[in-house]
Amino acid sequence: MTVLVGALLLTADALARQLGEERFADRIAARQGGGLTSPDVTIDGHPFLLHAARGHHPEVRVTGDARTPDGIPVKAEVDLHRVSEQLGGYAADSVDATFTASFDALGTAGDREMRLSDAGGGRLRIESGVLGMPLVITAEPRLDAGVVTLHADSATLAGRTLDPTARAIAGALSREHRQLPPLPLGMRPTEVTVGPDGITAHAEARWVNLT
């Protein structure tokens with residue numbers, strides 16, 4: 001009998017967790033107005049029913065696909081810390097998130113095409129062409145007042161080394177500067193990094209109301 005009761009409690013807890021995650025996903029999707037497609041929600045804390053009864057969850061993770069206003073697809077990963085139920089909604093003490101755009105999605109700008117890849121050490125490798133000759137630049141992305149800027153540390157044209165600080169290089173990179181779009185949940189961008197999957201914007205917020 002004890003084993004049966006324990007199994008029933010575990011089943012009830014798992015079912016309640018699934019329903020809670022679905023409800024939270026629906027609320028996040030509604031809050032974003034379709035900006036986050038099919039969010040996948042994971043609610044931490046065991047047992048779930050105890051945390052639900054207290055109206056408090058230590059962490060909620062939300063992942064999903066989204067698009068910037070200019071149509072660039074991004075992978076969103078959002079961690080909400082110390083989430084509580086309030087007046088039929090939710091609130092989080094803090095939020096940390098990453099938004100990753102793939103190199104392929106960022107490699108086309110107007111009628112110009114570039115090949116972007118991870119150069120290692122937090123740098124971006126940019127391959128393009130000038131008068132039919134291959135131009136390769138490695139640059140460090142930086143975040144300044146919501147704008148992502150690129151700063152070259154090496155450059156070659158047809159295999160010949162160029163001065164990465166040359167005005168022509170700086171001018172070419174200045175055309176690739178990007179203003180980050182407004183982020184959801186009132187988050188503010190904190191840094192931009194380069195990794196194997198693409199370029200990632202990191203963001204955070206405090207005291208977020210999800211009602």
# chains A, B, ... in the order shown; residues from 1 in each chain; ligands from 1
$ residues_around --residues "Thr193 of chain A" --least-positions-apart "6" --cutoff "9 Å" --atoms "only C-alpha atoms" --output "PDB file with C-alpha atoms, in the first residue's frame"
ATOM      1  CA  GLY A 122      35.604  35.593 -28.527  1.00  0.00           C
ATOM      2  CA  ARG A 123      36.344  36.923 -32.020  1.00  0.00           C
ATOM      3  CA  GLU A 140      35.892  41.546 -31.554  1.00  0.00           C
ATOM      4  CA  PRO A 141      32.213  42.417 -31.055  1.00  0.00           C
ATOM      5  CA  ARG A 142      31.498  44.993 -28.377  1.00  0.00           C
ATOM      6  CA  ILE A 199      26.509  35.552 -32.051  1.00  0.00           C
ATOM      7  CA  THR A 200      24.763  35.780 -28.683  1.00  0.00           C
ATOM      8  CA  ALA A 201      23.295  38.787 -26.921  1.00  0.00           C
ATOM      9  CA  HIS A 202      23.125  38.394 -23.136  1.00  0.00           C
TER      10      HIS A 202
END
$ residues_around --residues "Gly186 of chain A" --least-positions-apart "4" --cutoff "9 Å" --atoms "only C-alpha atoms" --output "ChimeraX atom specification"
/A:182,204-206,208
$ write_last_selection --atoms "N, CA, C and O atoms" --output "mmCIF file, in the first residue's frame"
data_model
loop_
_atom_site.group_PDB
_atom_site.id
_atom_site.type_symbol
_atom_site.label_atom_id
_atom_site.label_comp_id
_atom_site.auth_asym_id
_atom_site.auth_seq_id
_atom_site.Cartn_x
_atom_site.Cartn_y
_atom_site.Cartn_z
ATOM 1 N N PRO A 182 14.472 46.186 -29.086
ATOM 2 C CA PRO A 182 13.974 46.115 -27.703
ATOM 3 C C PRO A 182 13.801 44.656 -27.281
ATOM 4 O O PRO A 182 13.287 43.840 -28.045
ATOM 5 N N GLU A 204 19.580 40.877 -19.000
ATOM 6 C CA GLU A 204 19.094 40.617 -17.655
ATOM 7 C C GLU A 204 18.031 41.642 -17.282
ATOM 8 O O GLU A 204 17.889 42.698 -17.924
ATOM 9 N N ALA A 205 17.281 41.294 -16.256
ATOM 10 C CA ALA A 205 16.288 42.215 -15.707
ATOM 11 C C ALA A 205 16.044 41.840 -14.254
ATOM 12 O O ALA A 205 16.356 40.719 -13.821
ATOM 13 N N ARG A 206 15.512 42.769 -13.503
ATOM 14 C CA ARG A 206 15.182 42.542 -12.092
ATOM 15 C C ARG A 206 13.712 42.874 -11.872
ATOM 16 O O ARG A 206 13.178 43.813 -12.466
ATOM 17 N N VAL A 208 10.565 41.304 -12.468
ATOM 18 C CA VAL A 208 9.776 41.232 -13.691
ATOM 19 C C VAL A 208 8.374 40.721 -13.391
ATOM 20 O O VAL A 208 8.211 39.673 -12.762
#
$ residues_around --residues "segment 124-130 of chain A" --least-positions-apart "3" --cutoff "9 Å" --atoms "only C-alpha atoms" --output "PDB file with N, CA, C and O atoms, in the first residue's frame"
ATOM      1  N   GLY A 107      24.710  36.531 -42.098  1.00  0.00           N
ATOM      2  CA  GLY A 107      25.711  36.669 -43.155  1.00  0.00           C
ATOM      3  C   GLY A 107      25.275  37.388 -44.402  1.00  0.00           C
ATOM      4  O   GLY A 107      26.098  37.636 -45.276  1.00  0.00           O
ATOM      5  N   ARG A 112      24.893  42.334 -50.279  1.00  0.00           N
ATOM      6  CA  ARG A 112      26.240  41.861 -49.938  1.00  0.00           C
ATOM      7  C   ARG A 112      26.128  40.572 -49.139  1.00  0.00           C
ATOM      8  O   ARG A 112      25.277  40.447 -48.267  1.00  0.00           O
ATOM      9  N   GLU A 113      27.012  39.636 -49.432  1.00  0.00           N
ATOM     10  CA  GLU A 113      27.028  38.397 -48.681  1.00  0.00           C
ATOM     11  C   GLU A 113      28.391  38.216 -48.037  1.00  0.00           C
ATOM     12  O   GLU A 113      29.425  38.478 -48.643  1.00  0.00           O
ATOM     13  N   MET A 114      28.361  37.792 -46.788  1.00  0.00           N
ATOM     14  CA  MET A 114      29.582  37.525 -46.046  1.00  0.00           C
ATOM     15  C   MET A 114      29.475  36.131 -45.448  1.00  0.00           C
ATOM     16  O   MET A 114      28.373  35.639 -45.205  1.00  0.00           O
ATOM     17  N   ARG A 115      30.614  35.547 -45.216  1.00  0.00           N
ATOM     18  CA  ARG A 115      30.641  34.284 -44.505  1.00  0.00           C
ATOM     19  C   ARG A 115      31.177  34.567 -43.112  1.00  0.00           C
ATOM     20  O   ARG A 115      32.313  35.037 -42.959  1.00  0.00           O
ATOM     21  N   LEU A 116      30.365  34.299 -42.111  1.00  0.00           N
ATOM     22  CA  LEU A 116      30.749  34.541 -40.721  1.00  0.00           C
ATOM     23  C   LEU A 116      31.017  33.221 -40.027  1.00  0.00           C
ATOM     24  O   LEU A 116      30.346  32.220 -40.291  1.00  0.00           O
ATOM     25  N   SER A 117      31.980  33.222 -39.117  1.00  0.00           N
ATOM     26  CA  SER A 117      32.273  32.023 -38.349  1.00  0.00           C
ATOM     27  C   SER A 117      32.983  32.418 -37.062  1.00  0.00           C
ATOM     28  O   SER A 117      33.369  33.576 -36.864  1.00  0.00           O
ATOM     29  N   ASP A 118      33.154  31.428 -36.193  1.00  0.00           N
ATOM     30  CA  ASP A 118      33.816  31.648 -34.902  1.00  0.00           C
ATOM     31  C   ASP A 118      35.330  31.594 -35.102  1.00  0.00           C
ATOM     32  O   ASP A 118      35.878  30.579 -35.541  1.00  0.00           O
ATOM     33  N   ALA A 119      36.001  32.702 -34.785  1.00  0.00           N
ATOM     34  CA  ALA A 119      37.458  32.756 -34.932  1.00  0.00           C
ATOM     35  C   ALA A 119      38.175  32.317 -33.659  1.00  0.00           C
ATOM     36  O   ALA A 119      39.408  32.259 -33.633  1.00  0.00           O
ATOM     37  N   GLY A 120      37.419  32.009 -32.603  1.00  0.00           N
ATOM     38  CA  GLY A 120      38.026  31.633 -31.336  1.00  0.00           C
ATOM     39  C   GLY A 120      38.402  32.848 -30.518  1.00  0.00           C
ATOM     40  O   GLY A 120      38.565  33.956 -31.053  1.00  0.00           O
ATOM     41  N   GLY A 121      38.529  32.650 -29.226  1.00  0.00           N
ATOM     42  CA  GLY A 121      38.924  33.746 -28.346  1.00  0.00           C
ATOM     43  C   GLY A 121      37.916  34.878 -28.302  1.00  0.00           C
ATOM     44  O   GLY A 121      38.280  36.030 -28.060  1.00  0.00           O
ATOM     45  N   MET A 133      38.798  39.633 -54.977  1.00  0.00           N
ATOM     46  CA  MET A 133      39.830  39.072 -54.101  1.00  0.00           C
ATOM     47  C   MET A 133      39.254  38.811 -52.718  1.00  0.00           C
ATOM     48  O   MET A 133      38.439  39.606 -52.216  1.00  0.00           O
ATOM     49  N   PRO A 134      39.655  37.708 -52.077  1.00  0.00           N
ATOM     50  CA  PRO A 134      39.101  37.379 -50.764  1.00  0.00           C
ATOM     51  C   PRO A 134      39.640  38.302 -49.661  1.00  0.00           C
ATOM     52  O   PRO A 134      40.852  38.497 -49.539  1.00  0.00           O
ATOM     53  N   LEU A 135      38.723  38.853 -48.918  1.00  0.00           N
ATOM     54  CA  LEU A 135      39.061  39.686 -47.761  1.00  0.00           C
ATOM     55  C   LEU A 135      38.644  38.944 -46.508  1.00  0.00           C
ATOM     56  O   LEU A 135      37.499  38.494 -46.393  1.00  0.00           O
ATOM     57  N   VAL A 136      39.574  38.784 -45.569  1.00  0.00           N
ATOM     58  CA  VAL A 136      39.297  38.082 -44.316  1.00  0.00           C
ATOM     59  C   VAL A 136      39.651  39.011 -43.155  1.00  0.00           C
ATOM     60  O   VAL A 136      40.779  39.514 -43.077  1.00  0.00           O
ATOM     61  N   ILE A 137      38.682  39.224 -42.271  1.00  0.00           N
ATOM     62  CA  ILE A 137      38.879  40.088 -41.099  1.00  0.00           C
ATOM     63  C   ILE A 137      38.463  39.312 -39.862  1.00  0.00           C
ATOM     64  O   ILE A 137      37.441  38.618 -39.864  1.00  0.00           O
ATOM     65  N   THR A 138      39.251  39.398 -38.813  1.00  0.00           N
ATOM     66  CA  THR A 138      38.803  38.910 -37.504  1.00  0.00           C
ATOM     67  C   THR A 138      38.566  40.127 -36.629  1.00  0.00           C
ATOM     68  O   THR A 138      39.352  41.076 -36.648  1.00  0.00           O
ATOM     69  N   ALA A 139      37.460  40.096 -35.906  1.00  0.00           N
ATOM     70  CA  ALA A 139      37.065  41.273 -35.140  1.00  0.00           C
ATOM     71  C   ALA A 139      36.413  40.864 -33.823  1.00  0.00           C
ATOM     72  O   ALA A 139      35.815  39.781 -33.709  1.00  0.00           O
ATOM     73  N   GLU A 140      36.523  41.749 -32.859  1.00  0.00           N
ATOM     74  CA  GLU A 140      35.892  41.546 -31.554  1.00  0.00           C
ATOM     75  C   GLU A 140      34.585  42.334 -31.507  1.00  0.00           C
ATOM     76  O   GLU A 140      34.582  43.539 -31.765  1.00  0.00           O
ATOM     77  N   PRO A 141      33.462  41.674 -31.205  1.00  0.00           N
ATOM     78  CA  PRO A 141      32.213  42.417 -31.055  1.00  0.00           C
ATOM     79  C   PRO A 141      32.146  43.069 -29.673  1.00  0.00           C
ATOM     80  O   PRO A 141      32.537  42.463 -28.676  1.00  0.00           O
ATOM     81  N   LEU A 150      31.953  46.296 -34.218  1.00  0.00           N
ATOM     82  CA  LEU A 150      33.013  45.340 -34.518  1.00  0.00           C
ATOM     83  C   LEU A 150      34.346  46.067 -34.588  1.00  0.00           C
ATOM     84  O   LEU A 150      34.457  47.113 -35.240  1.00  0.00           O
ATOM     85  N   LEU A 157      44.018  40.547 -47.380  1.00  0.00           N
ATOM     86  CA  LEU A 157      43.384  40.662 -48.690  1.00  0.00           C
ATOM     87  C   LEU A 157      44.193  39.822 -49.660  1.00  0.00           C
ATOM     88  O   LEU A 157      45.393  40.068 -49.858  1.00  0.00           O
ATOM     89  N   VAL A 194      30.703  35.655 -29.063  1.00  0.00           N
ATOM     90  CA  VAL A 194      30.750  34.811 -30.261  1.00  0.00           C
ATOM     91  C   VAL A 194      31.046  33.384 -29.815  1.00  0.00           C
ATOM     92  O   VAL A 194      31.918  33.143 -28.980  1.00  0.00           O
ATOM     93  N   GLY A 195      30.313  32.423 -30.380  1.00  0.00           N
ATOM     94  CA  GLY A 195      30.540  31.027 -30.060  1.00  0.00           C
ATOM     95  C   GLY A 195      30.281  30.160 -31.268  1.00  0.00           C
ATOM     96  O   GLY A 195      29.956  30.663 -32.357  1.00  0.00           O
ATOM     97  N   ILE A 199      26.266  34.382 -32.890  1.00  0.00           N
ATOM     98  CA  ILE A 199      26.509  35.552 -32.051  1.00  0.00           C
ATOM     99  C   ILE A 199      25.374  35.654 -31.032  1.00  0.00           C
ATOM    100  O   ILE A 199      24.191  35.588 -31.398  1.00  0.00           O
TER     101      ILE A 199
END
$ closest_atom_pairs --of "segment 128-188 of chain A" --to "segment 79-103 of chain A" --cutoff "12 Å" --atoms "only C-alpha atoms" --output "JSON lines"
{"residue": "A:Leu180", "atom": "CA", "partner": "A:Phe99", "partner_atom": "CA", "distance": 10.7}
{"residue": "A:Pro181", "atom": "CA", "partner": "A:Phe99", "partner_atom": "CA", "distance": 11.2}
{"residue": "A:Leu183", "atom": "CA", "partner": "A:Phe99", "partner_atom": "CA", "distance": 9.5}
{"residue": "A:Pro184", "atom": "CA", "partner": "A:Ala97", "partner_atom": "CA", "distance": 9.9}
{"residue": "A:Leu185", "atom": "CA", "partner": "A:Val95", "partner_atom": "CA", "distance": 8.6}
{"residue": "A:Gly186", "atom": "CA", "partner": "A:Val95", "partner_atom": "CA", "distance": 9.8}
{"residue": "A:Met187", "atom": "CA", "partner": "A:Val95", "partner_atom": "CA", "distance": 7.8}
{"residue": "A:Arg188", "atom": "CA", "partner": "A:Asp96", "partner_atom": "CA", "distance": 9.7}
$ write_last_selection --atoms "N, CA, C and O atoms" --output "PDB file, in the first residue's frame"
ATOM      1  N   LEU A 180      20.626  46.706 -31.279  1.00  0.00           N
ATOM      2  CA  LEU A 180      19.808  45.605 -30.774  1.00  0.00           C
ATOM      3  C   LEU A 180      18.360  46.055 -30.657  1.00  0.00           C
ATOM      4  O   LEU A 180      18.087  47.178 -30.222  1.00  0.00           O
ATOM      5  N   PRO A 181      17.411  45.204 -31.029  1.00  0.00           N
ATOM      6  CA  PRO A 181      16.002  45.576 -30.891  1.00  0.00           C
ATOM      7  C   PRO A 181      15.596  45.568 -29.424  1.00  0.00           C
ATOM      8  O   PRO A 181      16.302  44.999 -28.573  1.00  0.00           O
ATOM      9  N   LEU A 183      14.247  44.339 -26.085  1.00  0.00           N
ATOM     10  CA  LEU A 183      14.188  42.966 -25.595  1.00  0.00           C
ATOM     11  C   LEU A 183      12.928  42.747 -24.770  1.00  0.00           C
ATOM     12  O   LEU A 183      12.396  43.686 -24.159  1.00  0.00           O
ATOM     13  N   PRO A 184      12.432  41.509 -24.726  1.00  0.00           N
ATOM     14  CA  PRO A 184      11.208  41.234 -23.974  1.00  0.00           C
ATOM     15  C   PRO A 184      11.423  41.367 -22.470  1.00  0.00           C
ATOM     16  O   PRO A 184      12.552  41.346 -21.977  1.00  0.00           O
ATOM     17  N   LEU A 185      10.320  41.505 -21.761  1.00  0.00           N
ATOM     18  CA  LEU A 185      10.301  41.531 -20.293  1.00  0.00           C
ATOM     19  C   LEU A 185      11.113  42.683 -19.717  1.00  0.00           C
ATOM     20  O   LEU A 185      11.547  42.632 -18.563  1.00  0.00           O
ATOM     21  N   GLY A 186      11.337  43.716 -20.523  1.00  0.00           N
ATOM     22  CA  GLY A 186      12.082  44.867 -20.020  1.00  0.00           C
ATOM     23  C   GLY A 186      13.548  44.587 -19.767  1.00  0.00           C
ATOM     24  O   GLY A 186      14.210  45.330 -19.037  1.00  0.00           O
ATOM     25  N   MET A 187      14.090  43.538 -20.399  1.00  0.00           N
ATOM     26  CA  MET A 187      15.491  43.188 -20.166  1.00  0.00           C
ATOM     27  C   MET A 187      16.422  44.173 -20.863  1.00  0.00           C
ATOM     28  O   MET A 187      16.086  44.756 -21.895  1.00  0.00           O
ATOM     29  N   ARG A 188      17.595  44.344 -20.267  1.00  0.00           N
ATOM     30  CA  ARG A 188      18.614  45.205 -20.867  1.00  0.00           C
ATOM     31  C   ARG A 188      19.801  44.345 -21.280  1.00  0.00           C
ATOM     32  O   ARG A 188      20.194  43.402 -20.562  1.00  0.00           O
TER      33      ARG A 188
END
$ select_by_dssp --residues "segment 73-183 of chain A" --states "helix (DSSP H, G or I)" --output "number ranges by chain"
A: 103-106, 167-174
$ write_last_selection --atoms "all heavy atoms" --output "mmCIF file, in the first residue's frame"
data_model
loop_
_atom_site.group_PDB
_atom_site.id
_atom_site.type_symbol
_atom_site.label_atom_id
_atom_site.label_comp_id
_atom_site.auth_asym_id
_atom_site.auth_seq_id
_atom_site.Cartn_x
_atom_site.Cartn_y
_atom_site.Cartn_z
ATOM 1 N N PHE A 103 25.284 32.258 -37.603
ATOM 2 C CA PHE A 103 26.146 32.956 -38.554
ATOM 3 C C PHE A 103 25.461 33.084 -39.918
ATOM 4 O O PHE A 103 25.555 34.126 -40.570
ATOM 5 C CB PHE A 103 27.479 32.221 -38.705
ATOM 6 C CG PHE A 103 28.300 32.200 -37.444
ATOM 7 C CD1 PHE A 103 28.686 31.000 -36.874
ATOM 8 C CD2 PHE A 103 28.682 33.386 -36.835
ATOM 9 C CE1 PHE A 103 29.455 30.983 -35.723
ATOM 10 C CE2 PHE A 103 29.450 33.376 -35.675
ATOM 11 C CZ PHE A 103 29.829 32.177 -35.124
ATOM 12 N N ASP A 104 24.760 32.023 -40.337
ATOM 13 C CA ASP A 104 24.099 32.062 -41.641
ATOM 14 C C ASP A 104 23.032 33.151 -41.684
ATOM 15 O O ASP A 104 22.879 33.842 -42.694
ATOM 16 C CB ASP A 104 23.467 30.708 -41.959
ATOM 17 C CG ASP A 104 24.496 29.633 -42.280
ATOM 18 O OD1 ASP A 104 25.656 30.005 -42.579
ATOM 19 O OD2 ASP A 104 24.163 28.443 -42.221
ATOM 20 N N ALA A 105 22.285 33.297 -40.589
ATOM 21 C CA ALA A 105 21.212 34.294 -40.561
ATOM 22 C C ALA A 105 21.765 35.707 -40.623
ATOM 23 O O ALA A 105 21.103 36.618 -41.139
ATOM 24 C CB ALA A 105 20.372 34.118 -39.293
ATOM 25 N N LEU A 106 22.977 35.920 -40.119
ATOM 26 C CA LEU A 106 23.567 37.251 -40.082
ATOM 27 C C LEU A 106 24.459 37.535 -41.287
ATOM 28 O O LEU A 106 24.905 38.671 -41.470
ATOM 29 C CB LEU A 106 24.396 37.420 -38.801
ATOM 30 C CG LEU A 106 23.610 37.407 -37.491
ATOM 31 C CD1 LEU A 106 24.582 37.321 -36.311
ATOM 32 C CD2 LEU A 106 22.731 38.641 -37.365
ATOM 33 N N ARG A 167 41.729 52.959 -41.958
ATOM 34 C CA ARG A 167 40.423 53.618 -42.041
ATOM 35 C C ARG A 167 39.452 52.813 -42.907
ATOM 36 O O ARG A 167 38.258 52.746 -42.613
ATOM 37 C CB ARG A 167 40.588 55.024 -42.602
ATOM 38 C CG ARG A 167 39.284 55.810 -42.690
ATOM 39 C CD ARG A 167 39.524 57.228 -43.153
ATOM 40 N NE ARG A 167 40.390 57.947 -42.233
ATOM 41 C CZ ARG A 167 40.793 59.205 -42.438
ATOM 42 N NH1 ARG A 167 40.419 59.849 -43.539
ATOM 43 N NH2 ARG A 167 41.582 59.799 -41.551
ATOM 44 N N ALA A 168 39.964 52.213 -43.973
ATOM 45 C CA ALA A 168 39.090 51.439 -44.865
ATOM 46 C C ALA A 168 38.480 50.244 -44.144
ATOM 47 O O ALA A 168 37.307 49.907 -44.339
ATOM 48 C CB ALA A 168 39.872 50.977 -46.092
ATOM 49 N N ILE A 169 39.290 49.582 -43.284
ATOM 50 C CA ILE A 169 38.784 48.438 -42.529
ATOM 51 C C ILE A 169 37.738 48.902 -41.520
ATOM 52 O O ILE A 169 36.653 48.316 -41.396
ATOM 53 C CB ILE A 169 39.924 47.706 -41.807
ATOM 54 C CG1 ILE A 169 40.957 47.183 -42.818
ATOM 55 C CG2 ILE A 169 39.382 46.566 -40.963
ATOM 56 C CD1 ILE A 169 40.420 46.145 -43.757
ATOM 57 N N ALA A 170 38.051 49.971 -40.803
ATOM 58 C CA ALA A 170 37.103 50.492 -39.818
ATOM 59 C C ALA A 170 35.803 50.930 -40.489
ATOM 60 O O ALA A 170 34.709 50.708 -39.964
ATOM 61 C CB ALA A 170 37.728 51.660 -39.056
ATOM 62 N N GLY A 171 35.930 51.549 -41.676
ATOM 63 C CA GLY A 171 34.739 51.979 -42.396
ATOM 64 C C GLY A 171 33.883 50.812 -42.837
ATOM 65 O O GLY A 171 32.648 50.866 -42.757
ATOM 66 N N ALA A 172 34.533 49.738 -43.311
ATOM 67 C CA ALA A 172 33.785 48.556 -43.730
ATOM 68 C C ALA A 172 33.044 47.925 -42.551
ATOM 69 O O ALA A 172 31.880 47.523 -42.671
ATOM 70 C CB ALA A 172 34.729 47.546 -44.373
ATOM 71 N N LEU A 173 33.709 47.852 -41.398
ATOM 72 C CA LEU A 173 33.071 47.254 -40.231
ATOM 73 C C LEU A 173 31.961 48.140 -39.668
ATOM 74 O O LEU A 173 30.988 47.636 -39.096
ATOM 75 C CB LEU A 173 34.113 46.965 -39.150
ATOM 76 C CG LEU A 173 35.119 45.854 -39.468
ATOM 77 C CD1 LEU A 173 36.045 45.629 -38.286
ATOM 78 C CD2 LEU A 173 34.413 44.561 -39.846
ATOM 79 N N SER A 174 32.108 49.448 -39.825
ATOM 80 C CA SER A 174 31.084 50.352 -39.287
ATOM 81 C C SER A 174 29.739 50.119 -39.975
ATOM 82 O O SER A 174 28.683 50.353 -39.380
ATOM 83 C CB SER A 174 31.513 51.809 -39.439
ATOM 84 O OG SER A 174 31.530 52.197 -40.798
#
$ closest_residue --among "A:Thr42, A:Ser154, A:Thr63, A:Thr165" --to "Glu77 of chain A" --atoms "only C-alpha atoms"
A:Thr63
$ select_by_dssp --residues "segment 49-155 of chain A" --states "strand (DSSP E)" --output "PyMOL selection string"
chain A and resi 56-67+73-86+89-101+108-109+112-113+115-120+123-130+133-144+147-155
$ atom_distance --atom1 "atom CA of Leu210 of chain A" --atom2 "atom CA of Pro69 of chain A"
21.8 Å
$ closest_residue --among "A:Val147, A:Ala155, A:Ala76, A:Ala166" --to "Pro189 of chain A" --atoms "only C-alpha atoms"
A:Val147
$ closest_residue --among "A:Val62, A:Arg67, A:Pro73, A:Pro164" --to "His151 of chain A" --atoms "only C-alpha atoms"
A:Pro164
$ atom_distance --atom1 "atom CA of Val148 of chain A" --atom2 "atom CA of Val78 of chain A"
20.7 Å
$ decode --residues "segment 63-78 of chain A" --atoms "N, CA, C and O atoms" --output "mmCIF file, in the first residue's frame"
data_model
loop_
_atom_site.group_PDB
_atom_site.id
_atom_site.type_symbol
_atom_site.label_atom_id
_atom_site.label_comp_id
_atom_site.auth_asym_id
_atom_site.auth_seq_id
_atom_site.Cartn_x
_atom_site.Cartn_y
_atom_site.Cartn_z
ATOM 1 N N THR A 63 12.612 28.236 -23.269
ATOM 2 C CA THR A 63 13.371 28.252 -24.519
ATOM 3 C C THR A 63 12.383 28.312 -25.678
ATOM 4 O O THR A 63 11.237 27.844 -25.566
ATOM 5 N N GLY A 64 12.819 28.891 -26.784
ATOM 6 C CA GLY A 64 11.943 28.967 -27.942
ATOM 7 C C GLY A 64 12.597 29.695 -29.088
ATOM 8 O O GLY A 64 13.716 30.208 -28.974
ATOM 9 N N ASP A 65 11.901 29.722 -30.201
ATOM 10 C CA ASP A 65 12.365 30.438 -31.389
ATOM 11 C C ASP A 65 11.687 31.796 -31.459
ATOM 12 O O ASP A 65 10.505 31.932 -31.134
ATOM 13 N N ALA A 66 12.438 32.795 -31.907
ATOM 14 C CA ALA A 66 11.890 34.143 -32.038
ATOM 15 C C ALA A 66 12.494 34.797 -33.268
ATOM 16 O O ALA A 66 13.387 34.231 -33.919
ATOM 17 N N ARG A 67 11.994 35.974 -33.598
ATOM 18 C CA ARG A 67 12.540 36.752 -34.713
ATOM 19 C C ARG A 67 12.681 38.204 -34.293
ATOM 20 O O ARG A 67 11.848 38.738 -33.552
ATOM 21 N N THR A 68 13.755 38.823 -34.773
ATOM 22 C CA THR A 68 13.931 40.251 -34.543
ATOM 23 C C THR A 68 12.963 41.010 -35.440
ATOM 24 O O THR A 68 12.393 40.439 -36.379
ATOM 25 N N PRO A 69 12.733 42.310 -35.179
ATOM 26 C CA PRO A 69 11.819 43.082 -36.029
ATOM 27 C C PRO A 69 12.187 43.054 -37.509
ATOM 28 O O PRO A 69 11.303 43.181 -38.368
ATOM 29 N N ASP A 70 13.482 42.877 -37.836
ATOM 30 C CA ASP A 70 13.869 42.810 -39.247
ATOM 31 C C ASP A 70 13.954 41.381 -39.773
ATOM 32 O O ASP A 70 14.518 41.119 -40.841
ATOM 33 N N GLY A 71 13.380 40.437 -39.023
ATOM 34 C CA GLY A 71 13.204 39.083 -39.530
ATOM 35 C C GLY A 71 14.314 38.101 -39.283
ATOM 36 O O GLY A 71 14.271 36.977 -39.793
ATOM 37 N N ILE A 72 15.329 38.457 -38.497
ATOM 38 C CA ILE A 72 16.433 37.534 -38.221
ATOM 39 C C ILE A 72 15.989 36.522 -37.170
ATOM 40 O O ILE A 72 15.562 36.904 -36.076
ATOM 41 N N PRO A 73 16.074 35.220 -37.462
ATOM 42 C CA PRO A 73 15.679 34.218 -36.467
ATOM 43 C C PRO A 73 16.707 34.105 -35.346
ATOM 44 O O PRO A 73 17.913 34.165 -35.592
ATOM 45 N N VAL A 74 16.234 33.934 -34.124
ATOM 46 C CA VAL A 74 17.116 33.779 -32.978
ATOM 47 C C VAL A 74 16.596 32.659 -32.080
ATOM 48 O O VAL A 74 15.399 32.356 -32.069
ATOM 49 N N LYS A 75 17.519 32.048 -31.365
ATOM 50 C CA LYS A 75 17.178 31.073 -30.338
ATOM 51 C C LYS A 75 17.196 31.782 -28.989
ATOM 52 O O LYS A 75 18.215 32.372 -28.606
ATOM 53 N N ALA A 76 16.082 31.732 -28.292
ATOM 54 C CA ALA A 76 15.974 32.417 -27.004
ATOM 55 C C ALA A 76 16.016 31.405 -25.867
ATOM 56 O O ALA A 76 15.353 30.361 -25.924
ATOM 57 N N GLU A 77 16.819 31.704 -24.848
ATOM 58 C CA GLU A 77 16.876 30.910 -23.623
ATOM 59 C C GLU A 77 16.759 31.873 -22.451
ATOM 60 O O GLU A 77 17.623 32.730 -22.265
ATOM 61 N N VAL A 78 15.686 31.726 -21.688
ATOM 62 C CA VAL A 78 15.378 32.669 -20.611
ATOM 63 C C VAL A 78 15.276 31.914 -19.294
ATOM 64 O O VAL A 78 14.534 30.930 -19.191
#
